[in-house]
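Visitor: This is the content of coords.tsv (TSV, C-alpha atoms):
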chain	number	residue	atom	x	y	z
A	136	MET	CA	40.05	-2.68	-3.52
A	137	SER	CA	40.36	-5.00	-6.50
A	138	SER	CA	43.40	-6.21	-8.41
A	139	THR	CA	43.98	-5.97	-12.15
A	140	VAL	CA	46.54	-7.57	-14.42
A	141	ILE	CA	47.57	-5.85	-17.65
A	142	THR	CA	48.87	-8.64	-19.84
A	143	ASN	CA	49.98	-9.25	-23.42
A	144	ILE	CA	52.52	-6.40	-23.10
A	145	ALA	CA	55.13	-6.57	-25.87
A	146	THR	CA	57.65	-4.38	-24.03
A	147	LEU	CA	57.42	-3.26	-20.41
A	148	VAL	CA	59.53	-0.35	-19.14
A	149	THR	CA	60.03	-0.80	-15.38
A	150	ASN	CA	62.98	1.60	-14.80
A	151	ASN	CA	64.42	-1.09	-12.52
A	152	PRO	CA	67.77	-2.27	-13.93
A	153	SER	CA	67.60	-5.43	-11.82
A	154	LEU	CA	64.71	-6.64	-13.99
A	155	GLY	CA	64.47	-7.87	-17.56
A	156	ASP	CA	67.37	-6.94	-19.80
A	157	GLY	CA	69.37	-5.23	-17.03
A	158	SER	CA	69.37	-1.84	-18.78
A	159	PRO	CA	68.41	1.35	-16.93
A	160	LEU	CA	64.91	0.89	-18.36
A	161	GLY	CA	64.65	-2.64	-16.97
A	162	LEU	CA	62.90	-3.86	-20.12
A	163	VAL	CA	60.77	-7.00	-19.84
A	164	GLN	CA	59.44	-8.68	-22.99
A	165	ASP	CA	56.09	-10.50	-23.19
A	166	ALA	CA	55.25	-8.96	-19.82
A	167	ALA	CA	52.45	-8.27	-17.37
A	168	VAL	CA	51.80	-5.75	-14.61
A	169	VAL	CA	49.55	-6.29	-11.60
A	170	ILE	CA	47.78	-3.32	-10.00
A	171	ASP	CA	46.38	-3.70	-6.49
A	172	GLY	CA	44.50	-0.64	-5.31
A	173	ASP	CA	46.61	2.41	-6.10
A	174	ARG	CA	49.97	0.57	-6.22
A	175	ILE	CA	51.94	-1.76	-8.42
A	176	ALA	CA	51.90	-5.22	-6.84
A	177	TRP	CA	53.90	-7.26	-9.35
A	178	THR	CA	55.74	-7.01	-12.68
A	179	GLY	CA	57.33	-9.73	-14.78
A	180	GLU	CA	56.83	-12.19	-17.60
A	181	SER	CA	53.17	-12.71	-18.45
A	182	SER	CA	53.37	-16.48	-18.01
A	183	LYS	CA	54.22	-15.96	-14.34
A	184	ALA	CA	51.55	-13.40	-13.49
A	185	PRO	CA	49.48	-14.15	-10.36
A	186	ALA	CA	45.70	-14.44	-10.38
A	187	THR	CA	43.76	-11.17	-10.15
A	188	ASP	CA	40.17	-9.94	-10.05
A	189	ASN	CA	40.34	-8.24	-13.44
A	190	ARG	CA	42.30	-8.62	-16.67
A	191	VAL	CA	43.21	-6.05	-19.34
A	192	ASP	CA	44.72	-7.12	-22.65
A	193	ALA	CA	47.39	-4.65	-23.80
A	194	GLY	CA	47.07	-5.98	-27.33
A	195	GLY	CA	50.80	-6.29	-27.85
A	196	GLY	CA	51.43	-2.65	-26.95
A	197	ALA	CA	54.24	-1.23	-24.86
A	198	VAL	CA	53.68	-0.19	-21.25
A	199	LEU	CA	55.77	2.36	-19.37
A	200	PRO	CA	55.46	4.47	-16.23
A	201	GLY	CA	53.27	7.54	-16.50
A	202	PHE	CA	55.31	10.57	-17.51
A	203	VAL	CA	56.53	12.84	-14.72
A	204	ASP	CA	56.39	16.45	-15.92
A	205	SER	CA	58.51	18.24	-13.34
A	206	HIS	CA	58.35	21.76	-14.84
A	207	SER	CA	55.23	23.60	-15.99
A	208	HIS	CA	53.48	26.96	-15.60
A	209	LEU	CA	49.76	26.17	-15.82
A	210	VAL	CA	48.07	28.82	-13.65
A	211	PHE	CA	47.61	31.65	-16.14
A	212	ALA	CA	45.10	33.43	-18.31
A	213	GLY	CA	45.24	34.65	-21.89
A	214	ASP	CA	47.66	33.56	-24.57
A	215	ARG	CA	50.58	35.05	-26.47
A	216	THR	CA	49.74	34.10	-30.03
A	217	ALA	CA	50.79	37.50	-31.35
A	218	GLU	CA	54.16	37.23	-29.62
A	219	PHE	CA	54.75	33.74	-31.02
A	220	ASN	CA	53.79	34.89	-34.50
A	221	ALA	CA	56.19	37.82	-34.29
A	222	ARG	CA	58.97	35.59	-33.01
A	223	MET	CA	58.49	33.12	-35.83
A	224	SER	CA	58.68	36.14	-38.14
A	225	GLY	CA	62.07	37.18	-36.86
A	226	ARG	CA	61.82	38.77	-33.42
A	227	SER	CA	64.06	37.24	-30.73
A	228	TYR	CA	62.80	35.85	-27.42
A	229	SER	CA	63.40	37.64	-24.12
A	230	ALA	CA	62.03	37.38	-20.59
A	231	GLY	CA	59.92	40.51	-21.00
A	232	GLY	CA	56.91	38.86	-22.62
A	233	ILE	CA	55.92	37.41	-19.26
A	234	ARG	CA	54.39	40.79	-18.41
A	235	THR	CA	51.63	40.19	-20.97
A	236	THR	CA	50.53	37.05	-19.14
A	237	VAL	CA	50.81	38.80	-15.77
A	238	ALA	CA	48.26	41.41	-16.86
A	239	ALA	CA	45.81	38.77	-18.14
A	240	THR	CA	46.23	36.57	-15.07
A	241	ARG	CA	45.62	39.41	-12.63
A	242	ALA	CA	42.41	40.26	-14.47
A	243	ALA	CA	41.09	36.68	-14.46
A	244	SER	CA	38.73	35.22	-11.86
A	245	ASP	CA	39.62	32.24	-9.71
A	246	ASP	CA	37.18	30.14	-11.72
A	247	ASP	CA	38.79	31.19	-14.98
A	248	LEU	CA	42.24	30.23	-13.72
A	249	GLU	CA	41.07	26.86	-12.43
A	250	ARG	CA	39.25	26.03	-15.65
A	251	ASN	CA	42.38	26.79	-17.61
A	252	LEU	CA	44.53	24.69	-15.27
A	253	THR	CA	42.25	21.66	-15.39
A	254	ARG	CA	41.95	21.93	-19.17
A	255	TYR	CA	45.68	21.57	-19.64
A	256	LEU	CA	45.97	18.89	-16.97
A	257	ALA	CA	43.36	16.81	-18.80
A	258	GLU	CA	45.21	17.41	-22.06
A	259	ALA	CA	48.47	16.22	-20.50
A	260	LEU	CA	46.80	13.19	-18.93
A	261	ARG	CA	45.50	12.04	-22.32
A	262	GLN	CA	49.14	12.08	-23.47
A	263	GLY	CA	50.36	9.92	-20.59
A	264	THR	CA	51.40	12.45	-17.92
A	265	THR	CA	50.36	11.24	-14.48
A	266	THR	CA	52.54	13.43	-12.22
A	267	PHE	CA	53.08	17.12	-12.77
A	268	GLU	CA	54.66	20.09	-11.06
A	269	THR	CA	53.28	23.56	-11.64
A	270	LYS	CA	54.26	27.05	-10.57
A	271	SER	CA	52.89	30.46	-9.76
A	272	GLY	CA	54.70	33.42	-11.30
A	273	TYR	CA	52.05	35.20	-13.34
A	274	GLY	CA	50.53	37.24	-10.53
A	275	LEU	CA	53.51	38.94	-8.87
A	276	THR	CA	51.40	40.40	-6.06
A	277	VAL	CA	50.83	38.83	-2.66
A	278	GLU	CA	47.18	38.14	-3.44
A	279	ASP	CA	47.69	36.86	-6.99
A	280	GLU	CA	50.63	34.60	-6.18
A	281	SER	CA	48.92	33.03	-3.17
A	282	ARG	CA	45.68	32.41	-5.06
A	283	ALA	CA	47.59	30.78	-7.93
A	284	LEU	CA	49.22	28.38	-5.49
A	285	ARG	CA	45.98	27.70	-3.67
A	286	ILE	CA	44.33	26.77	-6.99
A	287	ALA	CA	47.28	24.61	-8.03
A	288	ALA	CA	47.44	22.82	-4.67
A	289	ALA	CA	43.90	21.55	-5.20
A	290	HIS	CA	45.18	19.52	-8.16
A	291	THR	CA	48.77	18.46	-7.38
A	292	ASP	CA	51.16	18.04	-4.46
A	293	GLU	CA	54.03	19.40	-6.58
A	294	VAL	CA	53.42	23.14	-6.23
A	295	THR	CA	56.17	25.73	-6.69
A	296	TYR	CA	56.24	29.33	-5.50
A	297	LEU	CA	57.71	31.45	-8.33
A	298	GLY	CA	57.09	34.98	-7.15
A	299	ALA	CA	60.57	35.62	-8.54
A	300	HIS	CA	59.62	34.98	-12.17
A	301	ILE	CA	60.44	38.54	-13.17
A	302	VAL	CA	60.48	41.80	-11.20
A	303	SER	CA	56.87	42.88	-10.95
A	304	PRO	CA	56.00	45.78	-13.26
A	305	ASP	CA	54.81	47.57	-10.10
A	306	TYR	CA	58.43	47.58	-8.86
A	307	ALA	CA	60.23	48.22	-12.13
A	308	ASP	CA	62.11	51.16	-10.60
A	309	ASP	CA	62.91	49.39	-7.31
A	310	PRO	CA	63.92	45.73	-7.80
A	311	ALA	CA	65.33	45.55	-4.26
A	312	ALA	CA	61.92	46.36	-2.82
A	313	TYR	CA	60.38	43.58	-4.92
A	314	VAL	CA	62.96	41.07	-3.68
A	315	ALA	CA	62.06	42.15	-0.14
A	316	LEU	CA	58.38	41.52	-0.91
A	317	VAL	CA	59.10	38.11	-2.46
A	318	THR	CA	61.14	37.06	0.58
A	319	GLY	CA	58.78	38.62	3.11
A	320	GLU	CA	55.02	39.12	2.95
A	321	MET	CA	54.56	37.23	-0.31
A	322	LEU	CA	56.56	34.24	0.91
A	323	ASP	CA	54.56	34.14	4.14
A	324	ALA	CA	51.30	34.07	2.18
A	325	CYS	CA	52.48	31.48	-0.35
A	326	ALA	CA	54.50	29.00	1.72
A	327	PRO	CA	51.46	27.12	3.13
A	328	TYR	CA	50.44	26.05	-0.39
A	329	ALA	CA	53.84	25.16	-1.85
A	330	ARG	CA	56.49	22.46	-1.59
A	331	TRP	CA	59.12	24.26	-3.72
A	332	ILE	CA	60.55	27.71	-4.34
A	333	ASP	CA	61.93	28.77	-7.72
A	334	VAL	CA	63.59	31.82	-9.26
A	335	PHE	CA	64.33	32.87	-12.84
A	336	CYS	CA	68.06	33.58	-12.60
A	337	GLU	CA	68.69	35.36	-15.89
A	338	LYS	CA	69.47	38.71	-17.49
A	339	GLY	CA	66.20	40.64	-17.43
A	340	ALA	CA	65.00	38.74	-14.36
A	341	PHE	CA	67.13	38.10	-11.21
A	342	ASP	CA	70.89	38.03	-10.78
A	343	GLY	CA	72.85	35.50	-8.72
A	344	ASP	CA	72.84	37.49	-5.48
A	345	GLN	CA	69.11	38.15	-5.69
A	346	ALA	CA	68.44	34.49	-6.52
A	347	ARG	CA	70.51	33.32	-3.54
A	348	THR	CA	68.59	35.67	-1.22
A	349	ILE	CA	65.23	34.44	-2.50
A	350	LEU	CA	66.02	30.72	-2.40
A	351	THR	CA	67.65	30.96	1.03
A	352	ALA	CA	64.56	32.70	2.40
A	353	GLY	CA	62.39	29.96	0.95
A	354	LYS	CA	64.53	27.24	2.52
A	355	ALA	CA	64.12	28.95	5.90
A	356	LYS	CA	60.34	28.62	5.42
A	357	GLY	CA	60.60	24.92	4.60
A	358	LEU	CA	60.43	25.21	0.80
A	359	HIS	CA	63.03	23.35	-1.22
A	360	PRO	CA	64.82	25.16	-4.08
A	361	ARG	CA	64.65	24.65	-7.81
A	362	ILE	CA	65.89	27.23	-10.30
A	363	HIS	CA	65.51	28.47	-13.88
A	364	ALA	CA	69.19	28.45	-14.80
A	365	ASN	CA	71.35	29.31	-17.81
A	366	GLN	CA	68.53	29.41	-20.33
A	367	LEU	CA	69.27	32.52	-22.35
A	368	SER	CA	72.92	33.09	-21.46
A	369	TYR	CA	75.81	31.89	-19.32
A	370	GLY	CA	75.29	32.79	-15.68
A	371	PRO	CA	75.52	31.75	-12.03
A	372	GLY	CA	72.27	29.77	-11.87
A	373	VAL	CA	73.63	26.23	-12.19
A	374	GLN	CA	76.44	26.76	-9.70
A	375	LEU	CA	73.96	28.31	-7.25
A	376	ALA	CA	71.58	25.37	-7.69
A	377	VAL	CA	74.27	22.87	-6.73
A	378	GLU	CA	75.49	25.05	-3.85
A	379	LEU	CA	71.97	25.18	-2.35
A	380	ASP	CA	71.20	21.51	-3.12
A	381	ALA	CA	68.36	22.50	-5.42
A	382	ALA	CA	66.32	19.55	-6.64
A	383	SER	CA	66.73	20.72	-10.21
A	384	ALA	CA	68.39	23.32	-12.40
A	385	ASP	CA	66.02	23.84	-15.32
A	386	HIS	CA	66.89	24.73	-18.94
A	387	CYS	CA	70.71	24.36	-18.69
A	388	THR	CA	71.28	25.55	-22.25
A	389	HIS	CA	74.46	27.62	-21.79
A	390	LEU	CA	76.90	25.66	-19.64
A	391	THR	CA	80.61	25.94	-18.92
A	392	ASP	CA	82.72	22.90	-18.13
A	393	ALA	CA	82.60	23.98	-14.48
A	394	ASP	CA	78.79	23.98	-14.60
A	395	VAL	CA	78.72	20.45	-15.97
A	396	ASP	CA	81.26	19.29	-13.37
A	397	ALA	CA	79.18	20.85	-10.59
A	398	LEU	CA	76.03	19.06	-11.75
A	399	ALA	CA	77.90	15.76	-12.07
A	400	GLY	CA	79.25	16.09	-8.54
A	401	GLY	CA	76.02	17.19	-6.85
A	402	ASN	CA	72.47	15.99	-6.27
A	403	THR	CA	70.83	18.54	-8.57
A	404	VAL	CA	69.04	17.17	-11.65
A	405	ALA	CA	69.47	18.99	-14.97
A	406	THR	CA	65.93	19.37	-16.30
A	407	LEU	CA	65.91	19.98	-20.04
A	408	LEU	CA	62.92	21.64	-21.70
A	409	PRO	CA	63.13	21.17	-25.47
A	410	GLY	CA	59.71	22.69	-26.07
A	411	ALA	CA	61.21	26.06	-25.18
A	412	GLU	CA	63.99	25.78	-27.74
A	413	PHE	CA	61.52	24.57	-30.35
A	414	SER	CA	59.17	27.50	-29.69
A	415	THR	CA	61.86	30.18	-29.55
A	416	ARG	CA	64.27	28.86	-32.22
A	417	ALA	CA	66.98	28.99	-29.58
A	418	GLU	CA	70.10	26.88	-29.24
A	419	TRP	CA	69.38	23.31	-28.13
A	420	PRO	CA	70.76	22.10	-24.78
A	421	ASN	CA	73.49	19.50	-25.22
A	422	ALA	CA	72.04	16.51	-23.42
A	423	ARG	CA	74.82	14.25	-24.68
A	424	ARG	CA	77.45	16.36	-22.93
A	425	LEU	CA	75.54	16.14	-19.63
A	426	LEU	CA	74.82	12.42	-19.86
A	427	ASP	CA	78.40	11.55	-20.77
A	428	ALA	CA	79.56	13.50	-17.70
A	429	GLY	CA	77.27	11.46	-15.43
A	430	VAL	CA	74.66	14.16	-14.81
A	431	THR	CA	71.12	13.03	-14.00
A	432	VAL	CA	68.82	14.47	-16.68
A	433	ALA	CA	65.06	15.01	-16.64
A	434	LEU	CA	62.85	15.95	-19.59
A	435	SER	CA	59.80	18.14	-19.12
A	436	THR	CA	57.44	20.30	-21.15
A	437	ASP	CA	57.82	23.76	-19.57
A	438	CYS	CA	54.19	24.19	-20.61
A	439	ASN	CA	53.49	27.92	-20.52
A	440	PRO	CA	51.74	30.42	-22.81
A	441	GLY	CA	54.87	32.26	-23.89
A	442	SER	CA	57.89	30.12	-24.68
A	443	SER	CA	56.68	26.48	-24.73
A	444	PHE	CA	52.95	26.07	-25.19
A	445	THR	CA	52.92	22.28	-25.29
A	446	SER	CA	51.66	19.78	-22.74
A	447	SER	CA	53.02	16.80	-24.69
A	448	VAL	CA	55.85	14.85	-23.09
A	449	PRO	CA	55.96	12.49	-26.12
A	450	PHE	CA	56.66	15.52	-28.33
A	451	CYS	CA	59.49	16.56	-26.01
A	452	ILE	CA	60.92	13.04	-26.11
A	453	ALA	CA	60.99	13.17	-29.90
A	454	LEU	CA	62.71	16.57	-29.85
A	455	ALA	CA	65.31	15.38	-27.34
A	456	VAL	CA	66.19	12.40	-29.51
A	457	ARG	CA	66.24	14.36	-32.76
A	458	ASP	CA	67.98	17.54	-31.63
A	459	MET	CA	69.61	17.08	-28.22
A	460	GLY	CA	71.71	13.96	-28.68
A	461	MET	CA	69.68	11.58	-26.52
A	462	THR	CA	68.92	7.97	-27.37
A	463	PRO	CA	65.26	6.91	-27.25
A	464	ASP	CA	65.97	4.90	-24.09
A	465	GLU	CA	67.62	7.88	-22.39
A	466	ALA	CA	64.79	10.22	-23.33
A	467	VAL	CA	62.09	7.88	-22.00
A	468	TRP	CA	64.04	7.35	-18.76
A	469	SER	CA	64.47	11.10	-18.35
A	470	ALA	CA	60.75	11.75	-18.89
A	471	THR	CA	59.78	9.19	-16.24
A	472	ALA	CA	62.42	8.27	-13.68
A	473	GLY	CA	64.37	11.47	-14.38
A	474	GLY	CA	61.33	13.61	-13.69
A	475	ALA	CA	60.77	11.70	-10.47
A	476	ARG	CA	64.37	12.42	-9.43
A	477	ALA	CA	63.80	16.12	-10.18
A	478	LEU	CA	60.90	16.01	-7.73
A	479	ARG	CA	62.82	13.82	-5.29
A	480	ARG	CA	60.15	11.15	-5.54
A	481	GLU	CA	60.61	7.38	-5.41
A	482	ASP	CA	56.93	6.42	-5.67
A	483	VAL	CA	56.45	7.55	-9.29
A	484	GLY	CA	58.40	7.18	-12.53
A	485	ARG	CA	58.86	3.42	-12.24
A	486	LEU	CA	56.75	0.27	-12.43
A	487	THR	CA	57.93	-1.83	-9.51
A	488	PRO	CA	56.09	-3.17	-6.45
A	489	GLY	CA	55.17	-0.39	-4.04
A	490	ALA	CA	55.24	2.43	-6.58
A	491	TYR	CA	52.03	4.20	-7.51
A	492	ALA	CA	50.11	2.45	-10.27
A	493	ASP	CA	50.70	5.23	-12.80
A	494	VAL	CA	50.77	3.41	-16.12
A	495	THR	CA	50.83	4.47	-19.76
A	496	LEU	CA	49.88	2.04	-22.54
A	497	LEU	CA	51.01	2.69	-26.11
A	498	ASP	CA	49.41	1.58	-29.34
A	499	ALA	CA	52.89	0.48	-30.42
A	500	PRO	CA	55.10	-2.48	-29.50
A	501	SER	CA	58.00	-0.42	-28.12
A	502	HIS	CA	58.67	2.80	-26.22
A	503	VAL	CA	61.04	3.70	-29.08
A	504	HIS	CA	57.98	4.59	-31.16
A	505	LEU	CA	57.57	7.76	-29.07
A	506	ALA	CA	60.54	9.17	-30.99
A	507	TYR	CA	60.17	6.99	-34.11
A	508	ARG	CA	56.61	8.22	-34.79
A	509	PRO	CA	56.64	11.87	-33.65
A	510	GLY	CA	53.34	13.68	-33.49
A	511	VAL	CA	51.28	10.47	-33.61
A	512	PRO	CA	48.82	9.99	-30.71
A	513	LEU	CA	50.21	6.66	-29.51
A	514	VAL	CA	48.88	6.74	-25.94
A	515	SER	CA	45.89	4.39	-25.84
A	516	GLY	CA	45.45	3.92	-22.10
A	517	VAL	CA	46.41	5.65	-18.87
A	518	TRP	CA	46.02	4.51	-15.27
A	519	ARG	CA	46.61	7.03	-12.48
A	520	ARG	CA	46.98	5.63	-8.98
A	521	GLY	CA	45.28	2.46	-10.10
A	522	ASP	CA	42.26	4.00	-11.83
A	523	ARG	CA	41.99	3.90	-15.58
A	524	VAL	CA	41.47	7.49	-16.67
A	525	VAL	CA	42.09	7.20	-20.44
Mind turning this structure into structure tokens?

Guide:
Amino acid sequence: MSSTVITNIATLVTNNPSLGDGSPLGLVQDAAVVIDGDRIAWTGESSKAPATDNRVDAGGGAVLPGFVDSHSHLVFAGDRTAEFNARMSGRSYSAGGIRTTVAATRAASDDDLERNLTRYLAEALRQGTTTFETKSGYGLTVEDESRALRIAAAHTDEVTYLGAHIVSPDYADDPAAYVALVTGEMLDACAPYARWIDVFCEKGAFDGDQARTILTAGKAKGLHPRIHANQLSYGPGVQLAVELDAASADHCTHLTDADVDALAGGNTVATLLPGAEFSTRAEWPNARRLLDAGVTVALSTDCNPGSSFTSSVPFCIALAVRDMGMTPDEAVWSATAGGARALRREDVGRLTPGAYADVTLLDAPSHVHLAYRPGVPLVSGVWRRGDRVV
């Protein structure tokens, strides 16, 4: 293994408040980062950097941890252009459109699904995402859910079983039988490939009692809960997430004061997905309310073909700053360290010794430019586990 120093960094985001300016981002000016193998070996002022085998000049750009996208749905086939067009022409969004993707995904070959997955992973990587979670949920049969997870597990450790995305069309007249399948044979087939279990707790999908049954069954199989909660309406999802110590409650658009208090008092991260609100013209989550209450917030893309067809974390950062009440610093922290918290990881989302060398270089002097210059391709370099990939 060889060592590399990235130097001439105008602003370095470490996410270690004991460094630099003492803020949550741990900002260091005129900085350098040393990579040794697949890990960060040193960070600090460039004048104090140790000798290394190789040297990369950042050209006065900003460096931050690779983005941690803790919520995506990338194993699918087809698209929903017609649905999006109709929605932008006045039709409201509901959970039912998922069935269109289910039909296309069932009809696709394994090779087709993997090509699609790797295409969007490469797209995300070019935009600075170095850690990603992805889910099943577009098969809704034992065979299709397990193959989705098998394909996903070949590309990431953060794999989520979402057999409970909606009630399968095959069980439209017997939701209880589908819940039994999801918690029985389907769970048995899927658990070996997954780390997490998820459920869409929403009108038109699964109610609170069904969600509790599904997540509890997953926990008994060694899968840790996460949950789609309170996206389209007020409901029991957030409270259930905290009760079951879910790693994250995702969406969190419609919250009562009790929901916010529960999140503030628990270990569950509120993962906000502004791409979904952008793509559905829905009400924006109130990030300011959550942050002021002391809730840990993550930002992710929710990349999926129906309600948020973006793989760009920088775009989501810009949306969060513009429309959700976050500061640029808060949005960047939430898209890096916050995403790591939502995956209960300490080895990503920060640039400190011992963490994975997942590094994003911007063609801009500050991380603030991610919100200041929305839509501009600012990512000029990416290292993943020590290897430069962009």

Visitor: Which polymer residues, protein or nucleic acid, are no farther than 6 Å from (47.8, -7.5, -24.6), counting all atoms listed in the file, as a ChimeraX atom specification?

Guide: /A:142-144,192-195

Visitor: Which is closer to Met223 in chain A than all the others in A:Arg416, A:Arg250, A:His386, A:Lys338, using all atoms listed in the file?

Guide: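 Among the listed residues, the smallest separation from Met223 in chain A belongs to A:Arg416.
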
Visitor: If you count all atoms listed in the file, which residues fall within 12 Å of Lys354 in chain A, apart from same-chain ones fewer than 2 positions away, as a PyMOL selection string?

Guide: chain A and resi 296+318+322+326+329-333+347-352+356-361+379-381

Visitor: For CA of Glu268 in chain A and CA of Ala176 in chain A, determine how far apart the two atoms are, in Å to one decimal place.

Guide: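 Calculated distance between CA of Glu268 in chain A and CA of Ala176 in chain A is 25.8 Å.
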
Visitor: Could you produce a table of the residues of range 295-363 of chain A lying within 9 Å of range 269-280 of chain A, with the nearest pair of atoms per residue and their separation in Å rounded to one decimal, using only C-alpha atoms, ordered by chain and increasing residue number, as a tab-separated table?

Guide:
residue	atom	partner	partner_atom	distance
A:Thr295	CA	A:Lys270	CA	4.5
A:Tyr296	CA	A:Ser271	CA	5.5
A:Leu297	CA	A:Gly272	CA	4.7
A:Gly298	CA	A:Gly272	CA	5.0
A:Ala299	CA	A:Gly272	CA	6.8
A:His300	CA	A:Gly272	CA	5.2
A:Ile301	CA	A:Gly272	CA	7.9
A:Val302	CA	A:Leu275	CA	7.9
A:Ser303	CA	A:Leu275	CA	5.6
A:Pro304	CA	A:Leu275	CA	8.5
A:Asp305	CA	A:Leu275	CA	8.8
A:Leu316	CA	A:Val277	CA	8.2
A:Val317	CA	A:Val277	CA	8.3
A:Glu320	CA	A:Val277	CA	7.0
A:Met321	CA	A:Val277	CA	4.7
A:Leu322	CA	A:Val277	CA	8.2
A:Ala324	CA	A:Val277	CA	6.8
A:Cys325	CA	A:Glu280	CA	6.9
A:Ala329	CA	A:Lys270	CA	8.9
A:Trp331	CA	A:Lys270	CA	8.9
A:Ile332	CA	A:Lys270	CA	8.9
A:Asp333	CA	A:Lys270	CA	8.4

Visitor: Could you please take those selected residues and save C-alpha atoms as a PDB file, in the frame of the given file?

Guide:
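Output saved as again03.pdb:
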ATOM      1  CA  THR A 295      56.170  25.730  -6.690  1.00  0.00           C
ATOM      2  CA  TYR A 296      56.240  29.330  -5.500  1.00  0.00           C
ATOM      3  CA  LEU A 297      57.710  31.450  -8.330  1.00  0.00           C
ATOM      4  CA  GLY A 298      57.090  34.980  -7.150  1.00  0.00           C
ATOM      5  CA  ALA A 299      60.570  35.620  -8.540  1.00  0.00           C
ATOM      6  CA  HIS A 300      59.620  34.980 -12.170  1.00  0.00           C
ATOM      7  CA  ILE A 301      60.440  38.540 -13.170  1.00  0.00           C
ATOM      8  CA  VAL A 302      60.480  41.800 -11.200  1.00  0.00           C
ATOM      9  CA  SER A 303      56.870  42.880 -10.950  1.00  0.00           C
ATOM     10  CA  PRO A 304      56.000  45.780 -13.260  1.00  0.00           C
ATOM     11  CA  ASP A 305      54.810  47.570 -10.100  1.00  0.00           C
ATOM     12  CA  LEU A 316      58.380  41.520  -0.910  1.00  0.00           C
ATOM     13  CA  VAL A 317      59.100  38.110  -2.460  1.00  0.00           C
ATOM     14  CA  GLU A 320      55.020  39.120   2.950  1.00  0.00           C
ATOM     15  CA  MET A 321      54.560  37.230  -0.310  1.00  0.00           C
ATOM     16  CA  LEU A 322      56.560  34.240   0.910  1.00  0.00           C
ATOM     17  CA  ALA A 324      51.300  34.070   2.180  1.00  0.00           C
ATOM     18  CA  CYS A 325      52.480  31.480  -0.350  1.00  0.00           C
ATOM     19  CA  ALA A 329      53.840  25.160  -1.850  1.00  0.00           C
ATOM     20  CA  TRP A 331      59.120  24.260  -3.720  1.00  0.00           C
ATOM     21  CA  ILE A 332      60.550  27.710  -4.340  1.00  0.00           C
ATOM     22  CA  ASP A 333      61.930  28.770  -7.720  1.00  0.00           C
TER      23      ASP A 333
END

Visitor: If I put a ball of radius 12 Å at (47.7, 14.9, -21.3) in the file's coordinates, which residues poke into it when counting only C-alpha atoms, written as an MDAnalysis selection string?

Guide: chainID A and resid 201:204 252:267 436 438 445:450 495 512:517 519 524:525

Visitor: For CA of Gly372 in chain A and CA of Asp308 in chain A, determine how far apart the two atoms are, in Å to one decimal place.

Guide: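 If I compute the distance from CA of Gly372 in chain A to CA of Asp308 in chain A, I get 23.7 Å.
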
Visitor: Name the residues in contact with range 479-486 of chain A at a cut-off of 8 Å, using all atoms listed in the file, excluding same-chain residues fewer than 4 positions from it; report them as a PyMOL selection string.

Guide: chain A and resi 148-151+175+178+199-203+266+382+471-475+490-494

Visitor: Any idea what the distance is between CA of Leu398 in chain A and CA of Glu418 in chain A?

Guide: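 Calculated distance between CA of Leu398 in chain A and CA of Glu418 in chain A is 20.1 Å.
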
Visitor: Which residue is closest to Pro159 in chain A? Choose from A:Ala499, A:Ala346, A:Gly521, A:Asp464 and count only C-alpha atoms.

Guide: A:Asp464

Visitor: A:Arg424, A:Pro463, A:Asp323, A:Val237: which is nearest Ala355 in chain A, counting all atoms listed in the file?

Guide: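 Looking only at the distances to Ala355 in chain A, the closest residue turns out to be A:Asp323.
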
Visitor: Atoms are missing here; could range 187-195 of chain A be completed with N, CA and C atoms and written as an mmCIF file, in the coordinates of the input?

Guide:
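Below you can see out14.cif, which holds the result:
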data_model
loop_
_atom_site.group_PDB
_atom_site.id
_atom_site.type_symbol
_atom_site.label_atom_id
_atom_site.label_comp_id
_atom_site.auth_asym_id
_atom_site.auth_seq_id
_atom_site.Cartn_x
_atom_site.Cartn_y
_atom_site.Cartn_z
ATOM 1 N N THR A 187 44.302 -12.460 -10.547
ATOM 2 C CA THR A 187 43.760 -11.170 -10.150
ATOM 3 C C THR A 187 42.253 -11.142 -10.354
ATOM 4 N N ASP A 188 41.619 -10.071 -9.876
ATOM 5 C CA ASP A 188 40.170 -9.940 -10.050
ATOM 6 C C ASP A 188 39.796 -9.550 -11.472
ATOM 7 N N ASN A 189 40.657 -8.773 -12.113
ATOM 8 C CA ASN A 189 40.340 -8.240 -13.440
ATOM 9 C C ASN A 189 41.541 -8.439 -14.373
ATOM 10 N N ARG A 190 41.249 -8.420 -15.671
ATOM 11 C CA ARG A 190 42.300 -8.620 -16.670
ATOM 12 C C ARG A 190 42.112 -7.624 -17.802
ATOM 13 N N VAL A 191 43.213 -6.963 -18.196
ATOM 14 C CA VAL A 191 43.210 -6.050 -19.340
ATOM 15 C C VAL A 191 44.237 -6.549 -20.339
ATOM 16 N N ASP A 192 43.827 -6.674 -21.592
ATOM 17 C CA ASP A 192 44.720 -7.120 -22.650
ATOM 18 C C ASP A 192 45.362 -5.896 -23.300
ATOM 19 N N ALA A 193 46.686 -5.796 -23.219
ATOM 20 C CA ALA A 193 47.390 -4.650 -23.800
ATOM 21 C C ALA A 193 47.505 -4.743 -25.310
ATOM 22 N N GLY A 194 47.101 -5.861 -25.882
ATOM 23 C CA GLY A 194 47.070 -5.980 -27.330
ATOM 24 C C GLY A 194 48.424 -5.908 -28.001
ATOM 25 N N GLY A 195 49.469 -6.335 -27.277
ATOM 26 C CA GLY A 195 50.800 -6.290 -27.850
ATOM 27 C C GLY A 195 51.417 -4.899 -27.854
#
